[in-house]
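Encoded as structure tokens, the structure appears first; notes follow it.
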Amino acid sequence: MPEEAVAEPPRTIEDLRALALSVGRDEAGFSLGSKAHDVFAKLVEAPEQSAVRTISELADQFGINPSTLTRLAKRLGFEGFSDFQAVFRKAIADDQQYFYSRQAGRLMTTPSAGGAEVEVFERLARETAANVDGFLGQLDDASLKGAIALLAGARRVRVHGVRQFHSLASFLTYCLGMVRSDVALLDAPRLGVAEALSQLEPGDVVIIASCAPYTRSVAEVGRVAAANGQSVIAITDSRSSPLVPPAEHAFFIPHASSFYSNSMGAYVVFCEALLNLVARELGDKALNSLAGRERLIAEMNIEIG
């Protein structure tokens with residue numbers, strides 16, 4: 001790969017995000033080291049922080065030297081870090097777009113008036129709201145439309161996640177299965193992931209989900225599925241995530257919080273909205289599927305839920 005800087009650096013946050021994806025997929029025409037790419041991805045995922053923090057503060061946050069940020073900026077074609085940071089400052093100039101991020105930040109520095117136990121709930125709620133605001137600022141309309149079309153039109157949909165993301169995969173499988181047929185966890189029959197993948201055909205869809213610290217086997221499922229002709233949709237946290245390269249569409253959901261593990265709240269909100277859009281795309285098919293489910297439940301005298 002050539003080592004010269006990019007001739008024309010991106011001048012919008014959207015273009016920076018697209019470049020971060022291209023670098024991760026080896027489609028940019030130049031390369032960054034894994035650490036530099038990870039830092040680049042994190043900068044574009046939180047423009048409100050990248051815009052206002054000093055180069056020293058950002059370097060401390062990422063555990064690097066300030067000179068590394070300067071080299072990254074120049075590698076991307078900017079005159080220096082200030083020129084690079086100007087893109088982020090322009091992105092947050094619209095107060096309305098980042099209103100909720102600033103509000104969440106203010107709230108989190110304000111002591112709770114309630115007891116210590118209630119404060120734990122309040123803090124997590126504020127952090128989840130900030131994470132939701134974080135993914136809203138990164139949603140790409142074209143990717144959303146593409147993923148919705150795939151989930152509504154594919155013959156089969158399989159969902160894969162492990163550990164915490166197994167619960168998210170189960171939720172997606174259950175709810176998507178309410179409005180269309182042939183949706184399942186990838187290894188639902190307990191035949192093993194490899195066996196389940198071998199039963200899929202080109203054009204089927206595989207959803208993979210994981211965040212840092214990533215489960216490498218989930219990324220490998222995405223790679224194998226893409227090589228086998230399946231369309232892969234990734235739900236993850238960063239453009240430097242190993243789930244991104246094989247994905248036709250990738251969505252980035254922050255998870256920072258005071259919870260002792262990765263916070264799943266924003267992931268659930270994202271999935272609920274995505275499911276609503278798929279149901280709308282399916283239209284009468286979704287309504288008929290839900291009505292048929294209700295009739296069957298009534299006949300069997302089983303409660304919904």
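To be explicit about the labels: the chains of the structure tokens are called A, B, and onward in the order shown, and within each one the residues are counted from 1, while ligands get numbers from 1 in the order they are shown.
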Find the spatial neighbours of Ala286 of chain A, counting only C-alpha atoms, within a cut-off of 10 Å - ignore same-chain residues fewer than 3 positions away - and output them as a PyMOL selection string. chain A and resi 152+176-181+278-283+289-292
Would you mind listing what lies within 12 Å of Val162 of chain A as number ranges by chain, with only C-alpha atoms counted and same-chain residues fewer than 4 positions away left out? A: 166-170, 185-187, 193, 208-211, 214-219, 221
Atoms kept (C-alpha atoms) for selection, written as a short mmCIF file (atom, residue, chain, number, x, y, z; two decimals), in the first residue's frame:
```cif
data_model
loop_
_atom_site.label_atom_id
_atom_site.label_comp_id
_atom_site.auth_asym_id
_atom_site.auth_seq_id
_atom_site.Cartn_x
_atom_site.Cartn_y
_atom_site.Cartn_z
CA HIS A 166 -27.04 -14.44 22.88
CA SER A 167 -29.95 -12.77 24.67
CA LEU A 168 -30.07 -10.02 22.05
CA ALA A 169 -29.96 -12.66 19.29
CA SER A 170 -32.85 -14.52 20.94
CA LEU A 185 -30.86 -18.60 15.92
CA LEU A 186 -27.98 -19.83 13.80
CA ASP A 187 -27.34 -22.86 15.97
CA VAL A 193 -22.55 -23.28 13.85
CA ILE A 208 -24.03 -11.15 13.81
CA ALA A 209 -23.71 -9.16 17.05
CA SER A 210 -20.79 -8.48 19.37
CA CYS A 211 -18.90 -5.57 20.94
CA TYR A 214 -15.14 -9.05 20.71
CA THR A 215 -15.91 -12.73 20.43
CA ARG A 216 -13.70 -13.70 17.50
CA SER A 217 -15.82 -16.72 16.65
CA VAL A 218 -18.72 -14.38 15.88
CA ALA A 219 -16.56 -12.42 13.45
CA VAL A 221 -19.16 -16.65 11.37
#
```
Using DSSP assignments from the backbone, pull out every residue in segment 215-261 of chain A that falls under strand (DSSP E) and give it to me as a PyMOL selection string. chain A and resi 231-236+249-252
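Here atom CA of Glu45 of chain A stands at a distance of 12.7 Å from atom CA of Ala130 of chain A.
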Quick one: everything within 10 Å of segment 254-269 of chain A, counting only C-alpha atoms, minus sequence neighbours fewer than 6 positions away in the same chain. Send it as a ChimeraX atom specification. /A:45-46,120,123-135,164-165,167-168,171-172,209,211-213,235-238,275
Could you write those residues out with C-alpha atoms, as a compact mmCIF listing (two decimals), in the first residue's frame?
```txt
# COMPACT_ATOMS: atom_id res chain seq x y z
CA GLU A 45 -17.96 7.67 16.62
CA ALA A 46 -17.94 10.43 19.26
CA VAL A 120 -27.85 3.77 40.48
CA ARG A 123 -27.33 7.04 36.36
CA LEU A 124 -27.77 3.96 34.19
CA ALA A 125 -30.86 5.48 32.59
CA ARG A 126 -28.94 8.65 31.71
CA GLU A 127 -26.02 6.63 30.35
CA THR A 128 -28.34 4.53 28.20
CA ALA A 129 -29.95 7.72 26.87
CA ALA A 130 -26.48 9.00 25.94
CA ASN A 131 -25.69 5.71 24.18
CA VAL A 132 -28.95 5.91 22.24
CA ASP A 133 -28.09 9.46 21.23
CA GLY A 134 -24.68 8.16 20.17
CA PHE A 135 -26.06 5.62 17.71
CA GLN A 164 -24.56 -11.27 26.51
CA PHE A 165 -25.38 -11.04 22.84
CA SER A 167 -29.95 -12.77 24.67
CA LEU A 168 -30.07 -10.02 22.05
CA PHE A 171 -34.86 -11.30 21.22
CA LEU A 172 -34.28 -10.45 17.54
CA ALA A 209 -23.71 -9.16 17.05
CA CYS A 211 -18.90 -5.57 20.94
CA ALA A 212 -15.53 -5.06 22.62
CA PRO A 213 -14.04 -7.26 23.89
CA ILE A 235 -24.60 -4.99 15.03
CA THR A 236 -21.49 -3.86 16.86
CA ASP A 237 -19.85 -0.86 18.50
CA SER A 238 -17.06 0.49 16.30
CA LEU A 275 -37.92 -4.48 13.82
```
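Between Ile148 of chain A and the residues A:Ala225, A:Cys271, A:Leu277, A:Ile55, the shortest atom-to-atom distance, using only C-alpha atoms, involves A:Leu277.
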For the helix (DSSP H, G or I) assignment from backbone DSSP, which residues of segment 21-66 of chain A qualify? Please present them as an NGL selection string. :A and (21-24 or 34-45 or 47-52 or 55-62 or 66)
Selection file, N, CA and C atoms, as a JSON list (two decimals), in the first residue's frame:
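The resulting result-v1.json:
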```
[["chain", "number", "residue", "atom", "x", "y", "z"],
["A", 21, "LEU", "N", -14.66, 3.10, 7.58],
["A", 21, "LEU", "CA", -15.15, 1.79, 7.13],
["A", 21, "LEU", "C", -14.31, 1.25, 5.99],
["A", 22, "SER", "N", -13.97, 2.10, 5.03],
["A", 22, "SER", "CA", -13.19, 1.66, 3.87],
["A", 22, "SER", "C", -11.82, 1.17, 4.29],
["A", 23, "VAL", "N", -11.20, 1.84, 5.25],
["A", 23, "VAL", "CA", -9.89, 1.41, 5.73],
["A", 23, "VAL", "C", -10.00, 0.02, 6.36],
["A", 24, "GLY", "N", -11.04, -0.18, 7.17],
["A", 24, "GLY", "CA", -11.22, -1.48, 7.82],
["A", 24, "GLY", "C", -11.48, -2.61, 6.83],
["A", 34, "SER", "N", -3.37, -1.18, 13.01],
["A", 34, "SER", "CA", -4.59, -1.55, 13.73],
["A", 34, "SER", "C", -4.89, -0.56, 14.86],
["A", 35, "LYS", "N", -3.86, -0.09, 15.57],
["A", 35, "LYS", "CA", -4.08, 0.86, 16.65],
["A", 35, "LYS", "C", -4.56, 2.19, 16.10],
["A", 36, "ALA", "N", -3.94, 2.67, 15.02],
["A", 36, "ALA", "CA", -4.34, 3.94, 14.44],
["A", 36, "ALA", "C", -5.76, 3.86, 13.90],
["A", 37, "HIS", "N", -6.11, 2.73, 13.29],
["A", 37, "HIS", "CA", -7.47, 2.58, 12.78],
["A", 37, "HIS", "C", -8.47, 2.56, 13.92],
["A", 38, "ASP", "N", -8.13, 1.90, 15.01],
["A", 38, "ASP", "CA", -9.02, 1.84, 16.17],
["A", 38, "ASP", "C", -9.25, 3.25, 16.73],
["A", 39, "VAL", "N", -8.19, 4.04, 16.83],
["A", 39, "VAL", "CA", -8.31, 5.42, 17.32],
["A", 39, "VAL", "C", -9.15, 6.24, 16.34],
["A", 40, "PHE", "N", -8.89, 6.11, 15.05],
["A", 40, "PHE", "CA", -9.65, 6.83, 14.03],
["A", 40, "PHE", "C", -11.14, 6.51, 14.15],
["A", 41, "ALA", "N", -11.47, 5.22, 14.30],
["A", 41, "ALA", "CA", -12.86, 4.80, 14.42],
["A", 41, "ALA", "C", -13.52, 5.41, 15.65],
["A", 42, "LYS", "N", -12.81, 5.41, 16.76],
["A", 42, "LYS", "CA", -13.37, 5.95, 18.00],
["A", 42, "LYS", "C", -13.57, 7.47, 17.92],
["A", 43, "LEU", "N", -12.68, 8.16, 17.23],
["A", 43, "LEU", "CA", -12.85, 9.60, 17.06],
["A", 43, "LEU", "C", -14.11, 9.94, 16.28],
["A", 44, "VAL", "N", -14.37, 9.22, 15.20],
["A", 44, "VAL", "CA", -15.55, 9.55, 14.37],
["A", 44, "VAL", "C", -16.84, 9.07, 15.00],
["A", 45, "GLU", "N", -16.75, 8.16, 15.96],
["A", 45, "GLU", "CA", -17.96, 7.67, 16.62],
["A", 45, "GLU", "C", -18.43, 8.60, 17.74],
["A", 47, "PRO", "N", -18.08, 12.43, 17.83],
["A", 47, "PRO", "CA", -17.60, 13.73, 17.36],
["A", 47, "PRO", "C", -17.73, 14.84, 18.39],
["A", 48, "GLU", "N", -18.71, 14.71, 19.28],
["A", 48, "GLU", "CA", -18.88, 15.76, 20.29],
["A", 48, "GLU", "C", -17.70, 15.80, 21.26],
["A", 49, "GLN", "N", -17.04, 14.65, 21.49],
["A", 49, "GLN", "CA", -15.85, 14.61, 22.32],
["A", 49, "GLN", "C", -14.62, 14.99, 21.52],
["A", 50, "SER", "N", -14.53, 14.48, 20.30],
["A", 50, "SER", "CA", -13.38, 14.77, 19.44],
["A", 50, "SER", "C", -13.28, 16.26, 19.13],
["A", 51, "ALA", "N", -14.42, 16.96, 19.14],
["A", 51, "ALA", "CA", -14.44, 18.38, 18.79],
["A", 51, "ALA", "C", -13.95, 19.27, 19.92],
["A", 52, "VAL", "N", -14.20, 18.88, 21.15],
["A", 52, "VAL", "CA", -13.97, 19.81, 22.27],
["A", 52, "VAL", "C", -12.77, 19.47, 23.14],
["A", 55, "ILE", "N", -5.82, 17.83, 22.20],
["A", 55, "ILE", "CA", -5.09, 16.70, 21.66],
["A", 55, "ILE", "C", -4.48, 15.85, 22.78],
["A", 56, "SER", "N", -4.07, 16.51, 23.87],
["A", 56, "SER", "CA", -3.49, 15.78, 25.01],
["A", 56, "SER", "C", -4.56, 14.96, 25.74],
["A", 57, "GLU", "N", -5.75, 15.53, 25.89],
["A", 57, "GLU", "CA", -6.85, 14.81, 26.55],
["A", 57, "GLU", "C", -7.27, 13.60, 25.73],
["A", 58, "LEU", "N", -7.36, 13.76, 24.43],
["A", 58, "LEU", "CA", -7.73, 12.64, 23.58],
["A", 58, "LEU", "C", -6.64, 11.56, 23.60],
["A", 59, "ALA", "N", -5.39, 11.99, 23.58],
["A", 59, "ALA", "CA", -4.29, 11.03, 23.62],
["A", 59, "ALA", "C", -4.33, 10.23, 24.92],
["A", 60, "ASP", "N", -4.59, 10.90, 26.04],
["A", 60, "ASP", "CA", -4.70, 10.20, 27.33],
["A", 60, "ASP", "C", -5.86, 9.22, 27.30],
["A", 61, "GLN", "N", -6.97, 9.62, 26.70],
["A", 61, "GLN", "CA", -8.14, 8.75, 26.63],
["A", 61, "GLN", "C", -7.83, 7.45, 25.88],
["A", 62, "PHE", "N", -7.03, 7.55, 24.82],
["A", 62, "PHE", "CA", -6.75, 6.38, 23.99],
["A", 62, "PHE", "C", -5.45, 5.67, 24.40],
["A", 66, "PRO", "N", 0.34, 12.22, 21.99],
["A", 66, "PRO", "CA", -0.29, 13.22, 21.12],
["A", 66, "PRO", "C", 0.27, 13.20, 19.70]]
```
Atom CA of Ala194 of chain A to atom CA of Glu27 of chain A, distance in Å rounded to a single decimal: 28.3 Å
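Our summary of the geometry notes that atom CA of Asn228 of chain A is positioned 12.1 Å from atom CA of Ala196 of chain A.
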Between A:Lys285, A:His249, A:Arg163, A:Arg11, which one has atoms that come closest to Asp140 of chain A, using only C-alpha atoms? A:His249
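Residues in contact range of Val244 of chain A, defined as at most 8 Å between only C-alpha atoms, with sequence neighbours fewer than 4 positions away removed, read A:Leu21, A:Gly24, A:Arg25, A:Ala234, A:Arg239, A:Ser240, A:Ala250.
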File dump, residues just selected, N, CA, C and O atoms, as a PDB file, in the first residue's frame:
```pdb
ATOM      1  N   LEU A  21     -14.656   3.097   7.581  1.00  0.00           N
ATOM      2  CA  LEU A  21     -15.153   1.794   7.133  1.00  0.00           C
ATOM      3  C   LEU A  21     -14.314   1.250   5.990  1.00  0.00           C
ATOM      4  O   LEU A  21     -13.966   0.060   5.964  1.00  0.00           O
ATOM      5  N   GLY A  24     -11.042  -0.181   7.169  1.00  0.00           N
ATOM      6  CA  GLY A  24     -11.225  -1.478   7.816  1.00  0.00           C
ATOM      7  C   GLY A  24     -11.477  -2.607   6.834  1.00  0.00           C
ATOM      8  O   GLY A  24     -11.175  -3.770   7.106  1.00  0.00           O
ATOM      9  N   ARG A  25     -12.022  -2.252   5.670  1.00  0.00           N
ATOM     10  CA  ARG A  25     -12.317  -3.268   4.651  1.00  0.00           C
ATOM     11  C   ARG A  25     -11.231  -3.349   3.586  1.00  0.00           C
ATOM     12  O   ARG A  25     -11.405  -4.001   2.568  1.00  0.00           O
ATOM     13  N   ALA A 234     -24.138  -6.629  10.539  1.00  0.00           N
ATOM     14  CA  ALA A 234     -23.409  -6.591  11.806  1.00  0.00           C
ATOM     15  C   ALA A 234     -23.993  -5.538  12.729  1.00  0.00           C
ATOM     16  O   ALA A 234     -24.243  -4.408  12.319  1.00  0.00           O
ATOM     17  N   ARG A 239     -16.286   1.093  14.112  1.00  0.00           N
ATOM     18  CA  ARG A 239     -15.868   0.834  12.744  1.00  0.00           C
ATOM     19  C   ARG A 239     -14.594   0.009  12.673  1.00  0.00           C
ATOM     20  O   ARG A 239     -14.242  -0.505  11.612  1.00  0.00           O
ATOM     21  N   SER A 240     -13.901  -0.117  13.785  1.00  0.00           N
ATOM     22  CA  SER A 240     -12.720  -0.982  13.831  1.00  0.00           C
ATOM     23  C   SER A 240     -13.063  -2.389  14.313  1.00  0.00           C
ATOM     24  O   SER A 240     -12.182  -3.226  14.460  1.00  0.00           O
ATOM     25  N   ALA A 250     -23.486  -2.440   8.457  1.00  0.00           N
ATOM     26  CA  ALA A 250     -23.025  -2.480   9.845  1.00  0.00           C
ATOM     27  C   ALA A 250     -23.596  -1.291  10.603  1.00  0.00           C
ATOM     28  O   ALA A 250     -23.676  -0.181  10.065  1.00  0.00           O
TER      29      ALA A 250
END
```
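Distances here use only C-alpha atoms; by that measure, the residue among A:Cys175, A:Leu16, A:Ala28, A:Ala116 closest to Ala73 of chain A is A:Leu16.
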